[in-house]
$ cat upload38.pdb   # PDB, C-alpha atoms, pLDDT in the B column
ATOM      1  CA  MET B   1     -48.749 203.276 122.651  1.00 72.00           C
ATOM      2  CA  GLY B   2     -46.630 201.060 124.904  1.00 82.00           C
ATOM      3  CA  PRO B   3     -42.868 200.863 125.344  1.00 86.00           C
ATOM      4  CA  VAL B   4     -40.668 199.978 122.395  1.00 92.00           C
ATOM      5  CA  PRO B   5     -39.753 196.266 122.539  1.00 95.00           C
ATOM      6  CA  PRO B   6     -36.071 195.687 123.330  1.00 97.00           C
ATOM      7  CA  ARG B   7     -33.891 194.435 120.477  1.00 98.00           C
ATOM      8  CA  PRO B   8     -31.763 191.342 121.222  1.00 98.00           C
ATOM      9  CA  ALA B   9     -28.044 192.126 121.446  1.00 98.00           C
ATOM     10  CA  ALA B  10     -24.883 190.462 122.743  1.00 99.00           C
ATOM     11  CA  THR B  11     -21.420 191.535 123.786  1.00 98.00           C
ATOM     12  CA  VAL B  12     -18.120 189.895 124.707  1.00 99.00           C
ATOM     13  CA  VAL B  13     -16.102 191.012 127.706  1.00 99.00           C
ATOM     14  CA  LEU B  14     -12.812 189.621 126.388  1.00 98.00           C
ATOM     15  CA  LEU B  15     -10.082 189.319 129.010  1.00 98.00           C
ATOM     16  CA  ALA B  16      -6.364 188.808 128.416  1.00 97.00           C
ATOM     17  CA  GLU B  17      -4.419 186.987 131.125  1.00 94.00           C
ATOM     18  CA  SER B  18      -1.433 189.322 131.069  1.00 85.00           C
ATOM     19  CA  ALA B  19       0.020 191.090 134.086  1.00 78.00           C
ATOM     20  CA  PRO B  20      -2.067 192.960 135.022  1.00 86.00           C
ATOM     21  CA  PHE B  21      -4.954 191.288 133.247  1.00 95.00           C
ATOM     22  CA  SER B  22      -6.726 193.445 130.701  1.00 98.00           C
ATOM     23  CA  VAL B  23     -10.058 193.737 128.909  1.00 98.00           C
ATOM     24  CA  LEU B  24     -10.779 194.568 125.277  1.00 98.00           C
ATOM     25  CA  MET B  25     -12.518 197.926 124.834  1.00 98.00           C
ATOM     26  CA  VAL B  26     -13.714 199.600 121.646  1.00 98.00           C
ATOM     27  CA  LYS B  27     -14.711 203.217 121.047  1.00 97.00           C
ATOM     28  CA  ARG B  28     -17.890 204.048 119.138  1.00 95.00           C
ATOM     29  CA  PRO B  29     -17.747 206.847 116.535  1.00 95.00           C
ATOM     30  CA  PRO B  30     -19.121 210.307 117.288  1.00 93.00           C
ATOM     31  CA  GLY B  31     -22.725 210.993 116.418  1.00 85.00           C
ATOM     32  CA  GLY B  32     -23.934 207.398 116.497  1.00 74.00           C
ATOM     33  CA  PHE B  33     -25.712 205.559 119.276  1.00 71.00           C
ATOM     34  CA  PHE B  34     -23.441 205.648 122.342  1.00 83.00           C
ATOM     35  CA  GLY B  35     -21.338 208.152 120.350  1.00 88.00           C
ATOM     36  CA  GLU B  36     -17.707 208.269 121.504  1.00 94.00           C
ATOM     37  CA  ALA B  37     -18.397 205.814 124.339  1.00 97.00           C
ATOM     38  CA  TRP B  38     -15.924 203.081 125.185  1.00 98.00           C
ATOM     39  CA  VAL B  39     -17.764 199.759 125.292  1.00 98.00           C
ATOM     40  CA  PHE B  40     -17.151 196.033 124.942  1.00 99.00           C
ATOM     41  CA  PRO B  41     -17.414 194.646 121.396  1.00 98.00           C
ATOM     42  CA  GLY B  42     -20.936 193.587 120.503  1.00 98.00           C
ATOM     43  CA  GLY B  43     -24.097 194.290 118.606  1.00 97.00           C
ATOM     44  CA  LEU B  44     -27.503 193.096 117.521  1.00 97.00           C
ATOM     45  CA  VAL B  45     -28.544 189.460 117.211  1.00 98.00           C
ATOM     46  CA  ASP B  46     -29.305 188.548 113.576  1.00 97.00           C
ATOM     47  CA  LYS B  47     -31.847 185.953 112.428  1.00 95.00           C
ATOM     48  CA  SER B  48     -28.913 183.931 111.058  1.00 95.00           C
ATOM     49  CA  ASP B  49     -27.503 183.626 114.608  1.00 95.00           C
ATOM     50  CA  GLY B  50     -30.125 181.013 115.540  1.00 94.00           C
ATOM     51  CA  GLN B  51     -32.574 180.829 118.435  1.00 95.00           C
ATOM     52  CA  GLY B  52     -32.462 181.216 122.225  1.00 94.00           C
ATOM     53  CA  GLU B  53     -29.185 181.528 124.111  1.00 94.00           C
ATOM     54  CA  THR B  54     -27.307 180.089 121.139  1.00 96.00           C
ATOM     55  CA  SER B  55     -28.278 183.140 119.071  1.00 98.00           C
ATOM     56  CA  TYR B  56     -26.781 185.485 121.668  1.00 98.00           C
ATOM     57  CA  ARG B  57     -23.552 183.477 121.784  1.00 98.00           C
ATOM     58  CA  TRP B  58     -23.207 183.466 117.992  1.00 98.00           C
ATOM     59  CA  ALA B  59     -24.006 187.182 117.796  1.00 98.00           C
ATOM     60  CA  ALA B  60     -21.344 187.939 120.417  1.00 99.00           C
ATOM     61  CA  VAL B  61     -18.556 186.078 118.593  1.00 98.00           C
ATOM     62  CA  ARG B  62     -19.706 187.338 115.183  1.00 98.00           C
ATOM     63  CA  GLU B  63     -19.633 190.965 116.357  1.00 97.00           C
ATOM     64  CA  LEU B  64     -16.203 190.474 117.956  1.00 98.00           C
ATOM     65  CA  ALA B  65     -14.841 189.143 114.655  1.00 97.00           C
ATOM     66  CA  GLU B  66     -16.546 191.903 112.636  1.00 96.00           C
ATOM     67  CA  GLU B  67     -15.267 194.700 114.872  1.00 96.00           C
ATOM     68  CA  VAL B  68     -11.678 193.677 115.667  1.00 97.00           C
ATOM     69  CA  ALA B  69     -11.021 190.395 113.788  1.00 96.00           C
ATOM     70  CA  VAL B  70     -10.689 188.308 116.964  1.00 97.00           C
ATOM     71  CA  VAL B  71     -12.231 184.865 116.487  1.00 97.00           C
ATOM     72  CA  LEU B  72     -13.679 182.821 119.359  1.00 98.00           C
ATOM     73  CA  ASP B  73     -15.777 179.679 119.605  1.00 98.00           C
ATOM     74  CA  PRO B  74     -19.225 180.427 121.104  1.00 98.00           C
ATOM     75  CA  LYS B  75     -18.673 177.465 123.463  1.00 97.00           C
ATOM     76  CA  GLU B  76     -15.823 179.417 125.100  1.00 97.00           C
ATOM     77  CA  LEU B  77     -18.191 182.130 126.318  1.00 98.00           C
ATOM     78  CA  VAL B  78     -19.229 182.255 129.976  1.00 98.00           C
ATOM     79  CA  TYR B  79     -22.541 183.947 130.761  1.00 97.00           C
ATOM     80  CA  LEU B  80     -21.987 187.113 132.813  1.00 98.00           C
ATOM     81  CA  SER B  81     -25.189 189.165 132.872  1.00 97.00           C
ATOM     82  CA  ARG B  82     -28.221 190.380 130.983  1.00 97.00           C
ATOM     83  CA  TRP B  83     -29.266 194.043 130.817  1.00 97.00           C
ATOM     84  CA  ILE B  84     -32.597 195.336 129.519  1.00 96.00           C
ATOM     85  CA  THR B  85     -32.874 199.047 128.680  1.00 93.00           C
ATOM     86  CA  PRO B  86     -35.575 200.931 130.663  1.00 90.00           C
ATOM     87  CA  GLU B  87     -39.026 201.096 129.059  1.00 90.00           C
ATOM     88  CA  VAL B  88     -38.941 204.908 128.847  1.00 86.00           C
ATOM     89  CA  VAL B  89     -35.881 204.905 126.566  1.00 85.00           C
ATOM     90  CA  PRO B  90     -36.793 205.139 122.857  1.00 86.00           C
ATOM     91  CA  ARG B  91     -34.031 202.761 121.688  1.00 90.00           C
ATOM     92  CA  ARG B  92     -34.089 199.633 123.833  1.00 94.00           C
ATOM     93  CA  TYR B  93     -31.892 196.539 123.994  1.00 96.00           C
ATOM     94  CA  ASP B  94     -31.971 193.161 125.714  1.00 98.00           C
ATOM     95  CA  THR B  95     -28.217 192.602 125.908  1.00 98.00           C
ATOM     96  CA  TRP B  96     -26.482 189.449 127.080  1.00 98.00           C
ATOM     97  CA  PHE B  97     -22.907 189.913 128.319  1.00 98.00           C
ATOM     98  CA  PHE B  98     -20.469 187.018 128.026  1.00 98.00           C
ATOM     99  CA  LEU B  99     -16.954 186.598 129.427  1.00 98.00           C
ATOM    100  CA  ALA B 100     -14.114 184.983 127.518  1.00 98.00           C
ATOM    101  CA  SER B 101     -10.379 184.848 128.038  1.00 97.00           C
ATOM    102  CA  ILE B 102      -7.259 184.612 125.912  1.00 96.00           C
ATOM    103  CA  ASP B 103      -3.716 184.031 127.149  1.00 92.00           C
ATOM    104  CA  GLU B 104      -2.257 187.392 126.154  1.00 89.00           C
ATOM    105  CA  ALA B 105      -3.505 190.665 124.748  1.00 87.00           C
ATOM    106  CA  VAL B 106      -3.235 190.682 120.980  1.00 88.00           C
ATOM    107  CA  GLU B 107      -2.823 193.622 118.639  1.00 90.00           C
ATOM    108  CA  VAL B 108      -6.313 194.846 117.799  1.00 93.00           C
ATOM    109  CA  ALA B 109      -7.546 197.498 115.412  1.00 91.00           C
ATOM    110  CA  PRO B 110     -10.977 198.466 114.145  1.00 89.00           C
ATOM    111  CA  VAL B 111     -12.011 196.593 111.001  1.00 90.00           C
ATOM    112  CA  THR B 112     -15.369 198.349 110.668  1.00 91.00           C
ATOM    113  CA  ASN B 113     -16.622 201.914 110.733  1.00 92.00           C
ATOM    114  CA  GLU B 114     -18.729 200.979 113.789  1.00 90.00           C
ATOM    115  CA  ILE B 115     -15.689 201.656 115.998  1.00 94.00           C
ATOM    116  CA  THR B 116     -12.862 204.186 115.874  1.00 95.00           C
ATOM    117  CA  GLU B 117     -10.384 202.702 118.371  1.00 96.00           C
ATOM    118  CA  ALA B 118      -9.720 199.377 120.068  1.00 97.00           C
ATOM    119  CA  CYS B 119      -7.325 198.372 122.828  1.00 97.00           C
ATOM    120  CA  PHE B 120      -6.713 196.055 125.732  1.00 97.00           C
ATOM    121  CA  VAL B 121      -6.624 197.972 129.005  1.00 98.00           C
ATOM    122  CA  SER B 122      -6.718 197.032 132.675  1.00 98.00           C
ATOM    123  CA  PRO B 123     -10.122 197.591 134.298  1.00 98.00           C
ATOM    124  CA  ALA B 124      -8.491 200.011 136.764  1.00 98.00           C
ATOM    125  CA  THR B 125      -6.992 202.085 133.934  1.00 98.00           C
ATOM    126  CA  ALA B 126     -10.337 202.279 132.107  1.00 99.00           C
ATOM    127  CA  LEU B 127     -12.078 203.351 135.318  1.00 98.00           C
ATOM    128  CA  ALA B 128      -9.399 205.980 135.995  1.00 98.00           C
ATOM    129  CA  ALA B 129      -9.799 207.362 132.452  1.00 98.00           C
ATOM    130  CA  HIS B 130     -13.538 207.627 133.068  1.00 98.00           C
ATOM    131  CA  GLU B 131     -13.044 209.363 136.419  1.00 98.00           C
ATOM    132  CA  ALA B 132     -10.663 211.834 134.733  1.00 98.00           C
ATOM    133  CA  GLN B 133     -13.383 212.443 132.104  1.00 97.00           C
ATOM    134  CA  GLN B 134     -11.096 211.132 129.355  1.00 98.00           C
ATOM    135  CA  TRP B 135     -13.325 208.132 128.555  1.00 98.00           C
ATOM    136  CA  LYS B 136     -17.097 208.133 128.239  1.00 97.00           C
ATOM    137  CA  LEU B 137     -18.588 204.924 129.675  1.00 97.00           C
ATOM    138  CA  ILE B 138     -22.228 203.850 129.639  1.00 95.00           C
ATOM    139  CA  LEU B 139     -23.744 202.315 132.774  1.00 94.00           C
ATOM    140  CA  PRO B 140     -23.462 198.604 131.850  1.00 96.00           C
ATOM    141  CA  THR B 141     -19.817 199.045 130.819  1.00 97.00           C
ATOM    142  CA  LEU B 142     -19.025 200.985 133.986  1.00 97.00           C
ATOM    143  CA  ALA B 143     -20.713 198.360 136.181  1.00 96.00           C
ATOM    144  CA  HIS B 144     -18.851 195.490 134.506  1.00 98.00           C
ATOM    145  CA  LEU B 145     -15.489 197.279 134.761  1.00 98.00           C
ATOM    146  CA  ARG B 146     -16.068 197.891 138.482  1.00 97.00           C
ATOM    147  CA  TRP B 147     -16.891 194.209 138.893  1.00 97.00           C
ATOM    148  CA  LEU B 148     -13.764 193.138 136.964  1.00 98.00           C
ATOM    149  CA  ALA B 149     -11.539 195.483 139.000  1.00 98.00           C
ATOM    150  CA  ARG B 150     -12.213 193.350 142.087  1.00 96.00           C
ATOM    151  CA  TYR B 151     -10.232 190.413 140.702  1.00 97.00           C
ATOM    152  CA  PRO B 152      -6.471 189.852 140.438  1.00 96.00           C
ATOM    153  CA  SER B 153      -6.656 187.845 137.208  1.00 96.00           C
ATOM    154  CA  ALA B 154      -8.830 186.923 134.262  1.00 97.00           C
ATOM    155  CA  ALA B 155      -9.067 183.382 135.652  1.00 96.00           C
ATOM    156  CA  ALA B 156     -10.410 184.702 138.964  1.00 97.00           C
ATOM    157  CA  ALA B 157     -13.011 186.833 137.173  1.00 97.00           C
ATOM    158  CA  LEU B 158     -14.129 183.880 135.030  1.00 96.00           C
ATOM    159  CA  LYS B 159     -14.447 181.708 138.121  1.00 97.00           C
ATOM    160  CA  ALA B 160     -16.525 184.395 139.866  1.00 96.00           C
ATOM    161  CA  ALA B 161     -19.020 184.862 137.017  1.00 96.00           C
ATOM    162  CA  PRO B 162     -22.465 184.974 138.633  1.00 92.00           C
ATOM    163  CA  GLU B 163     -24.866 182.081 138.170  1.00 88.00           C
ATOM    164  CA  SER B 164     -27.944 184.307 138.339  1.00 89.00           C
ATOM    165  CA  ARG B 165     -29.855 184.721 135.083  1.00 90.00           C
ATOM    166  CA  THR B 166     -32.090 187.475 136.487  1.00 93.00           C
ATOM    167  CA  PRO B 167     -31.879 190.431 134.086  1.00 94.00           C
ATOM    168  CA  VAL B 168     -30.667 193.819 135.266  1.00 95.00           C
ATOM    169  CA  GLU B 169     -33.410 196.320 134.479  1.00 93.00           C
ATOM    170  CA  PRO B 170     -32.087 199.821 135.214  1.00 92.00           C
ATOM    171  CA  LEU B 171     -34.476 202.612 136.163  1.00 87.00           C
ATOM    172  CA  LEU B 172     -34.712 206.228 135.088  1.00 80.00           C
ATOM    173  CA  ALA B 173     -33.911 208.465 138.081  1.00 82.00           C
ATOM    174  CA  PRO B 174     -35.719 211.800 138.640  1.00 84.00           C
ATOM    175  CA  ASP B 175     -32.623 213.669 137.382  1.00 85.00           C
ATOM    176  CA  GLY B 176     -32.802 211.783 134.062  1.00 79.00           C
ATOM    177  CA  SER B 177     -29.878 209.470 134.765  1.00 81.00           C
ATOM    178  CA  ILE B 178     -30.182 205.713 134.479  1.00 80.00           C
ATOM    179  CA  VAL B 179     -29.420 203.699 137.617  1.00 84.00           C
ATOM    180  CA  ALA B 180     -29.110 199.963 138.192  1.00 79.00           C
ATOM    181  CA  LEU B 181     -30.212 198.774 141.599  1.00 73.00           C
ATOM    182  CA  ASP B 182     -30.088 194.974 141.418  1.00 76.00           C
ATOM    183  CA  LEU B 183     -26.754 193.830 140.002  1.00 82.00           C
ATOM    184  CA  PRO B 184     -26.098 190.074 139.794  1.00 82.00           C
ATOM    185  CA  TRP B 185     -22.823 190.346 141.747  1.00 77.00           C
TER     186      TRP B 185
END
$ encode --input "upload38.pdb" --output "structure tokens"
Amino acid sequence: MGPVPPRPAATVVLLAESAPFSVLMVKRPPGGFFGEAWVFPGGLVDKSDGQGETSYRWAAVRELAEEVAVVLDPKELVYLSRWITPEVVPRRYDTWFFLASIDEAVEVAPVTNEITEACFVSPATALAAHEAQQWKLILPTLAHLRWLARYPSAAAALKAAPESRTPVEPLLAPDGSIVALDLPW
């Protein structure tokens, strides 16, 4: 029996152009997939989302609205990256990450039981919380936060979004950890 096919998924890395600029993060509930991890809003692509890249864009904005009631137009999304879960992992995803920006951070709160907390936070603060073992981050989230932390503003990050459409396909290391070698930035 071969590897499990990856399920199409999409996520929005929503930036707020405040000082310092911030990114919307949501916390998954305990016990579920990515239990208690802080991630960007997102989820699976549904058949009703359409076909091709359009389906990923619609899924991203739909999930954002379902999770924290923030509404965006799919045309506002800027492609950021694509991550495909390693073949040895039993639950696999083909996830497209999109960037979007709003002028200021808005009050957000979970509107679904798929998340327990939601907040805008600077990339540096999220990374510091992870380093202090206060926040659990999965590899794609960690990599994107490190990338965002390089930029002084949301506008600069949007401008620097990579053009490469080559998917990131992390590998399983001998110690059981997942590592990404070829990042698009």
$ resolve_selection --input "upload38.pdb" --expression "the PyMOL selection byres ((chain B and resi 35) around 12)" --output "ChimeraX atom specification"
/B:26-34,36-39,114-116,135-138
$ residues_around --input "upload38.pdb" --residues "segment 80-94 of chain B" --least-positions-apart "4" --cutoff "8 Å" --atoms "only C-alpha atoms" --output "ChimeraX atom specification"
/B:3-9,98-99,140,161-172,184
$ write_last_selection --input "upload38.pdb" --atoms "C-alpha atoms" --output "short mmCIF file (atom, residue, chain, number, x, y, z; two decimals), keeping the file's coordinate frame"
data_model
loop_
_atom_site.label_atom_id
_atom_site.label_comp_id
_atom_site.auth_asym_id
_atom_site.auth_seq_id
_atom_site.Cartn_x
_atom_site.Cartn_y
_atom_site.Cartn_z
CA PRO B 3 -42.87 200.86 125.34
CA VAL B 4 -40.67 199.98 122.40
CA PRO B 5 -39.75 196.27 122.54
CA PRO B 6 -36.07 195.69 123.33
CA ARG B 7 -33.89 194.44 120.48
CA PRO B 8 -31.76 191.34 121.22
CA ALA B 9 -28.04 192.13 121.45
CA PHE B 98 -20.47 187.02 128.03
CA LEU B 99 -16.95 186.60 129.43
CA PRO B 140 -23.46 198.60 131.85
CA ALA B 161 -19.02 184.86 137.02
CA PRO B 162 -22.46 184.97 138.63
CA GLU B 163 -24.87 182.08 138.17
CA SER B 164 -27.94 184.31 138.34
CA ARG B 165 -29.86 184.72 135.08
CA THR B 166 -32.09 187.48 136.49
CA PRO B 167 -31.88 190.43 134.09
CA VAL B 168 -30.67 193.82 135.27
CA GLU B 169 -33.41 196.32 134.48
CA PRO B 170 -32.09 199.82 135.21
CA LEU B 171 -34.48 202.61 136.16
CA LEU B 172 -34.71 206.23 135.09
CA PRO B 184 -26.10 190.07 139.79
#
$ residues_around --input "upload38.pdb" --residues "Leu148 of chain B" --least-positions-apart "4" --cutoff "8 Å" --atoms "only C-alpha atoms" --output "list in words"
Pro123, His144 and Ala157 of chain B
$ closest_residue --input "upload38.pdb" --among "B:Glu17, B:Glu107, B:Glu117, B:Asp175" --to "Glu67 of chain B" --atoms "only C-alpha atoms"
B:Glu117
$ residues_around --input "upload38.pdb" --residues "Arg146 of chain B" --least-positions-apart "3" --cutoff "9 Å" --atoms "only C-alpha atoms" --output "VMD selection string"
chain B and resid 123 to 124 127 141 to 143 149 to 150
$ atom_distance --input "upload38.pdb" --atom1 "atom CA of Leu158 of chain B" --atom2 "atom CA of Ala109 of chain B"
24.8 Å
$ closest_residue --input "upload38.pdb" --among "B:Ala132, B:Ala69, B:Ala156, B:Ala173" --to "Phe21 of chain B" --atoms "all atoms listed in the file"
B:Ala156
$ closest_residue --input "upload38.pdb" --among "B:Ala59, B:Leu72, B:Ile178, B:Met1" --to "Leu44 of chain B" --atoms "all atoms listed in the file"
B:Ala59
$ atom_distance --input "upload38.pdb" --atom1 "atom CA of Val45 of chain B" --atom2 "atom CA of Leu77 of chain B"
15.6 Å
$ closest_residue --input "upload38.pdb" --among "B:Ser48, B:Thr11, B:Thr112, B:Ser22" --to "Phe97 of chain B" --atoms "only C-alpha atoms"
B:Thr11
$ residues_around --input "upload38.pdb" --residues "Ala100 of chain B" --least-positions-apart "5" --cutoff "10 Å" --atoms "all atoms listed in the file" --output "PyMOL selection string"
chain B and resi 12-16+23+72-80+154-155+157-158
$ residues_around --input "upload38.pdb" --residues "Val108 of chain B" --least-positions-apart "6" --cutoff "8 Å" --atoms "all atoms listed in the file" --output "VMD selection string"
chain B and resid 68 to 70 118 to 119
$ closest_residue --input "upload38.pdb" --among "B:Pro152, B:Gly176, B:Pro110, B:Gly2" --to "Met25 of chain B" --atoms "all atoms listed in the file"
B:Pro110
$ atom_distance --input "upload38.pdb" --atom1 "atom CA of Ala10 of chain B" --atom2 "atom CA of Gly52 of chain B"
12.0 Å
$ axis_aligned_box --input "upload38.pdb" --around "segment 69-78 of chain B" --padding-each-side "5 Å" --output "JSON"
{"center_x": -15.0, "center_y": 183.9, "center_z": 121.9, "size_x": 18.5, "size_y": 22.9, "size_z": 26.2}
